[in-house]
Amino acid sequence: MQATKRKIDIDYTKYDFRDEVKYVYQSKRGLSREVVEEISYWKNEPEWMRQFRLHSLEVFLKKPMPTWGADLSEINFDEYIYYIKPTDRQGKSWDEVPEKIRQTFERLGIPEAERKFLAGVGAQYESEVVYHSLREDLMKKGVIFVDMDTAVREYPDLVKKYFGTVIPPEDNKFAALNSAVWSGGSFVYVPKGVKVDFPLQAYFRINAESVGQFERTLIIAEEGASVHYIEGCTAPVYREDSLHSAVVEIIALPGSHVRYTTVQNWSKNVYNLVTKRAVAYEDAFVEWVDGNLGSKVTMKYPAVYLLGKGAKAEILSIAYAGAGQHQDTGAKVIHVAPYTTSNIVSKSISKDGGRTSYRGLVKVQKGAVGVKSTVRCDALMLDEFSRSDTYPYMEIDEELVSIGHEATVGKISEDQLFYLMSRGLSESEALTLVVLGFIEPFAKELPLDYAIELNKLIKLEMEGAIG
Amino acid sequence: MPTLEVRDLYVSVDGKEILKGLNFTVNKGEVHALMGPNGSGKSTLAYTIMGHPKYKVESGDILFEGKSILEMKPDERAKLGLFLAFQYPVEVPGVTLFNFLWKAIQSNNLDSTSPRVSKLPRSIVDYKKELIDRIKNLNMSEIFIYRPIGVGFSGGEKKRMEILQMAMLKPTIAFLDEPDSGLDIDSLKTVADVVNSIRSQDLGMVVITHYQRILNYIKPDFVHIMLDGKIVKSGGPDIVEKLEQEGYAWIREIAAESAD
């Protein structure tokens, strides 16, 4: 049992298909002022957004590449296509979506999920959102769920007020890149006191080779509002790498509740470099539920700034790294206001030479008395080739606080496997069970269909793949 | 043909020899007590029979119904009808007994052709009903079957969950590794009652223990005393009494004499 190599693979075949789609427009490779202006032109944007993009491009060009985290040295910004417009117009029903693209989303199960349990759906293909819907009763209550481009045109006041306020272009190189070439993504606005009972979902699909996807999402929950937003992402496997660099901003106003769930299953040639951040005002509650299974490299640290008294943050994440993958993920919570609480749980699994890193920051500013924060990160390594590191940073400038931190790094336990096998489970069944048990705190937070899908993904290639 | 036969078995753990030429036979329908001081190799025997990868068989053989099982993995041995109630059951966070045991029963249903399989529940409805009946017999609430295996259980609760699994899986030969350690007298009686209730002509049991106490409730047909990796004395229940009165000293004398 010791000598056999343990193999758990995520099954990507389900997502690894590509379509022959004729695009309406695609920019030439590489990034330049010209490309940025073209994007703005195709979108018919107001001047302020054009200026925002051009300014962001300058910031991007000036900023050095990050020298910490994952290895990004192979990224060549000249190789990517920054904008692909797949279709002329957006569908309000799936019938209006070009057939090839519609078939893609049908294969991914999106329309089915929409019928079953979603209150609204957005589907992005390459650079543009090709389908959008929202339940009528929510529309009547004033809920807005549209793609970001539409929001710039139709809700300029709201967008101007919040866009880029949580994550300015100056924040980091990839936030600057996104700000310069962003396209698509979701805009969610939930009016005061409105509770959106079923999740809203956006699905992001990269189809072409060497393409960059730079969606931009902005979620605003007014006082006492609540919303659950889910995001899923996949791409087929190509020889050339792709780049996904999103920016997600959440504004949780007093007493509101926002939950943001992601399960990214990008193919293993995608650089996934994402900035996600929320601000939470008095008594607001922000949850990030963040699953990272795919991609070649992911750098993502969902953050919450607790700005109002009594605000709460929960960040729950899993990362899974197989051969050739590096998941550098974590969480950041900044306690600015007193009596704010945060809870961070991170689970990571590495195998076949994969690498996971937990990188986290808990910061408590002076004066933020009565803060409570707990951090727990557990890493599981399935063989001796794999690697796991933990970088938990704490900056505590206030004494009247309660901070807890717990970390475990373990190999899969021989005694656990033996115990389960002694009851009749095969080694791969026993291993599957231990791994599913390990990520159970995450899986149970997902909507049922997603939890089942996640379990299936992990089970699939494990069964019979040992020895 | 004996149901389970251990022949001249030498076993080492991490290069240290623990079993040194052990012979032992157990048949369906029999209850054996295996006694001996700490470190004499009782648990090693149980783990080796179940196939723990850390326990290396240097020589000798283990036969189940006449066939060697040395090359079999633990799950294959389980499917033959071997069972081990662990002295220290592990914890498996995030995995409920309910899910795990149903998976185990399905695996047993699938692969085994032995007659014991016909007694396993076929449907999840039958399974659930039987599981709840049996956990109640162990004076435990059914909520335990929906909790992660072992996590936050007391020592006694863990032991009872082992007996529960034994009752559900209906083994042919079961080793109970110190089922009495850490139990108060009431729990001990409960465990013994359940064990007695599943005693049958189809089940051979080996109770590993230090103390006479549990043997007052689970009456063995045979008693064996282990010392330094070997069985040095076998006989009827009367041995237990003598052991309780005189300790292991007289056994050591016997062992020393036979070695001369």
# chains A, B, ... in the order shown; residues from 1 in each chain; ligands from 1
>>> residues_around(residues="range 221-225 of chain A", least_positions_apart="5", cutoff="9 Å", atoms="only C-alpha atoms", output="MDAnalysis selection string")
chainID A and resid 188:196 250:258 284
>>> write_last_selection(atoms="N, CA, C and O atoms", output="PDB file, in the first residue's frame")
ATOM      1  N   VAL A 188     -24.524  43.483 -10.196  1.00  0.00           N
ATOM      2  CA  VAL A 188     -25.658  43.076  -9.370  1.00  0.00           C
ATOM      3  C   VAL A 188     -25.985  44.226  -8.420  1.00  0.00           C
ATOM      4  O   VAL A 188     -25.101  44.748  -7.745  1.00  0.00           O
ATOM      5  N   TYR A 189     -27.235  44.595  -8.410  1.00  0.00           N
ATOM      6  CA  TYR A 189     -27.672  45.628  -7.465  1.00  0.00           C
ATOM      7  C   TYR A 189     -28.937  45.129  -6.771  1.00  0.00           C
ATOM      8  O   TYR A 189     -29.925  44.781  -7.422  1.00  0.00           O
ATOM      9  N   VAL A 190     -28.877  45.068  -5.451  1.00  0.00           N
ATOM     10  CA  VAL A 190     -30.048  44.618  -4.697  1.00  0.00           C
ATOM     11  C   VAL A 190     -30.506  45.782  -3.820  1.00  0.00           C
ATOM     12  O   VAL A 190     -29.772  46.237  -2.948  1.00  0.00           O
ATOM     13  N   PRO A 191     -31.743  46.264  -4.063  1.00  0.00           N
ATOM     14  CA  PRO A 191     -32.211  47.442  -3.317  1.00  0.00           C
ATOM     15  C   PRO A 191     -32.424  47.140  -1.833  1.00  0.00           C
ATOM     16  O   PRO A 191     -32.456  45.979  -1.422  1.00  0.00           O
ATOM     17  N   LYS A 192     -32.590  48.195  -1.100  1.00  0.00           N
ATOM     18  CA  LYS A 192     -32.755  48.138   0.348  1.00  0.00           C
ATOM     19  C   LYS A 192     -33.795  47.087   0.768  1.00  0.00           C
ATOM     20  O   LYS A 192     -34.930  47.103   0.281  1.00  0.00           O
ATOM     21  N   GLY A 193     -33.384  46.218   1.658  1.00  0.00           N
ATOM     22  CA  GLY A 193     -34.320  45.273   2.261  1.00  0.00           C
ATOM     23  C   GLY A 193     -34.740  44.103   1.383  1.00  0.00           C
ATOM     24  O   GLY A 193     -35.454  43.211   1.841  1.00  0.00           O
ATOM     25  N   VAL A 194     -34.297  44.076   0.140  1.00  0.00           N
ATOM     26  CA  VAL A 194     -34.732  42.981  -0.743  1.00  0.00           C
ATOM     27  C   VAL A 194     -33.846  41.754  -0.539  1.00  0.00           C
ATOM     28  O   VAL A 194     -32.619  41.846  -0.533  1.00  0.00           O
ATOM     29  N   LYS A 195     -34.498  40.610  -0.352  1.00  0.00           N
ATOM     30  CA  LYS A 195     -33.743  39.352  -0.202  1.00  0.00           C
ATOM     31  C   LYS A 195     -33.933  38.526  -1.463  1.00  0.00           C
ATOM     32  O   LYS A 195     -35.062  38.164  -1.800  1.00  0.00           O
ATOM     33  N   VAL A 196     -32.846  38.234  -2.123  1.00  0.00           N
ATOM     34  CA  VAL A 196     -32.924  37.391  -3.317  1.00  0.00           C
ATOM     35  C   VAL A 196     -32.837  35.943  -2.841  1.00  0.00           C
ATOM     36  O   VAL A 196     -31.808  35.498  -2.338  1.00  0.00           O
ATOM     37  N   ILE A 250     -17.191  44.003  -4.186  1.00  0.00           N
ATOM     38  CA  ILE A 250     -18.479  43.863  -3.491  1.00  0.00           C
ATOM     39  C   ILE A 250     -18.632  45.002  -2.493  1.00  0.00           C
ATOM     40  O   ILE A 250     -17.709  45.284  -1.725  1.00  0.00           O
ATOM     41  N   ILE A 251     -19.787  45.617  -2.523  1.00  0.00           N
ATOM     42  CA  ILE A 251     -20.092  46.643  -1.524  1.00  0.00           C
ATOM     43  C   ILE A 251     -21.285  46.151  -0.708  1.00  0.00           C
ATOM     44  O   ILE A 251     -22.388  46.014  -1.222  1.00  0.00           O
ATOM     45  N   ALA A 252     -21.023  45.812   0.542  1.00  0.00           N
ATOM     46  CA  ALA A 252     -22.085  45.318   1.422  1.00  0.00           C
ATOM     47  C   ALA A 252     -22.447  46.438   2.391  1.00  0.00           C
ATOM     48  O   ALA A 252     -21.720  46.698   3.354  1.00  0.00           O
ATOM     49  N   LEU A 253     -23.564  47.092   2.140  1.00  0.00           N
ATOM     50  CA  LEU A 253     -23.975  48.232   2.967  1.00  0.00           C
ATOM     51  C   LEU A 253     -24.574  47.722   4.288  1.00  0.00           C
ATOM     52  O   LEU A 253     -24.781  46.522   4.450  1.00  0.00           O
ATOM     53  N   PRO A 254     -24.828  48.618   5.240  1.00  0.00           N
ATOM     54  CA  PRO A 254     -25.178  48.160   6.594  1.00  0.00           C
ATOM     55  C   PRO A 254     -26.271  47.083   6.633  1.00  0.00           C
ATOM     56  O   PRO A 254     -27.293  47.191   5.956  1.00  0.00           O
ATOM     57  N   GLY A 255     -25.989  46.045   7.415  1.00  0.00           N
ATOM     58  CA  GLY A 255     -26.984  45.003   7.636  1.00  0.00           C
ATOM     59  C   GLY A 255     -27.229  44.081   6.453  1.00  0.00           C
ATOM     60  O   GLY A 255     -28.105  43.223   6.511  1.00  0.00           O
ATOM     61  N   SER A 256     -26.468  44.215   5.397  1.00  0.00           N
ATOM     62  CA  SER A 256     -26.706  43.353   4.230  1.00  0.00           C
ATOM     63  C   SER A 256     -25.918  42.045   4.351  1.00  0.00           C
ATOM     64  O   SER A 256     -25.041  41.897   5.211  1.00  0.00           O
ATOM     65  N   HIS A 257     -26.257  41.099   3.484  1.00  0.00           N
ATOM     66  CA  HIS A 257     -25.584  39.806   3.485  1.00  0.00           C
ATOM     67  C   HIS A 257     -25.271  39.415   2.043  1.00  0.00           C
ATOM     68  O   HIS A 257     -26.174  39.294   1.221  1.00  0.00           O
ATOM     69  N   VAL A 258     -23.987  39.237   1.736  1.00  0.00           N
ATOM     70  CA  VAL A 258     -23.588  38.821   0.395  1.00  0.00           C
ATOM     71  C   VAL A 258     -22.756  37.557   0.503  1.00  0.00           C
ATOM     72  O   VAL A 258     -21.799  37.491   1.266  1.00  0.00           O
ATOM     73  N   ALA A 284     -22.904  44.297   8.404  1.00  0.00           N
ATOM     74  CA  ALA A 284     -23.007  43.533   7.148  1.00  0.00           C
ATOM     75  C   ALA A 284     -22.232  42.226   7.283  1.00  0.00           C
ATOM     76  O   ALA A 284     -21.346  42.093   8.127  1.00  0.00           O
TER      77      ALA A 284
END
>>> interface_residues(of="chain A", to="chain B", cutoff="10 Å", atoms="only C-alpha atoms", output="list of chain:residue names")
A:Met1, A:Gln2, A:Ser413, A:Glu414, A:Asp415, A:Gln416, A:Leu417, A:Phe418, A:Tyr419, A:Leu420, A:Met421, A:Ser422, A:Arg423, A:Gly424, A:Leu425, A:Ser426, A:Glu427, A:Glu429, A:Ala430, A:Leu433, A:Val434, A:Val435, A:Leu436, A:Gly437, A:Phe438, A:Ile439, A:Glu440, A:Pro441, A:Lys444
>>> atom_distance(atom1="CA of Gly155 in chain B", atom2="CA of Gly182 in chain B")
6.2 Å
>>> select_by_dssp(residues="range 37-191 of chain B", states="strand (DSSP E or B)", output="list in words")
Tyr55, Lys56, Val57, Glu58, Ser59, Gly60, Asp61, Ile62, Leu63, Phe64, Lys67, Ser68, Leu82, Phe83, Leu84, Ala85, Val92, Pro93, Gly94, Val95, Thr96, Pro148, Ile149, Ile173, Ala174, Phe175, Leu176 and Asp177 of chain B
>>> residues_around(residues="Thr67 in chain A", least_positions_apart="4", cutoff="12 Å", atoms="only C-alpha atoms", output="MDAnalysis selection string")
chainID A and resid 63 71:73 172:173
>>> select_by_dssp(residues="range 21-222 of chain B", states="helix (DSSP H, G or I)", output="PyMOL selection string")
chain B and resi 42-50+74-80+97-111+115-119+124-137+142-146+155-169+185-198+213-216
>>> residues_around(residues="Val263 in chain A", least_positions_apart="6", cutoff="8 Å", atoms="only C-alpha atoms", output="NGL selection string")
:A and (231-233 or 290-293)
>>> atom_distance(atom1="CA of Lys268 in chain A", atom2="CA of Gly324 in chain A")
7.8 Å
>>> atom_distance(atom1="CA of Phe105 in chain A", atom2="CA of Glu126 in chain A")
12.7 Å
>>> residues_around(residues="Asp177 in chain B", least_positions_apart="3", cutoff="9 Å", atoms="only C-alpha atoms", output="count of residues only")
13
>>> residues_around(residues="Gln90 in chain A", least_positions_apart="3", cutoff="10 Å", atoms="only C-alpha atoms", output="compact mmCIF listing (two decimals) with C-alpha atoms, in the first residue's frame")
# COMPACT_ATOMS: atom_id res chain seq x y z
CA THR A 87 -21.68 37.67 -31.23
CA SER A 93 -33.69 33.66 -24.13
CA TRP A 94 -31.37 30.77 -24.98
CA GLU A 96 -31.42 33.94 -29.28
CA VAL A 97 -27.90 32.69 -28.50
CA PRO A 98 -25.92 31.43 -31.54
CA ALA A 123 -23.24 33.42 -19.50
CA GLN A 124 -20.01 34.86 -20.79
CA GLU A 128 -18.75 39.15 -23.99
CA VAL A 129 -21.82 38.06 -22.09
CA VAL A 130 -24.01 36.21 -24.60
CA TYR A 131 -27.01 35.49 -22.40
CA HIS A 132 -28.63 37.13 -19.44
CA ASP A 147 -23.58 42.26 -17.62
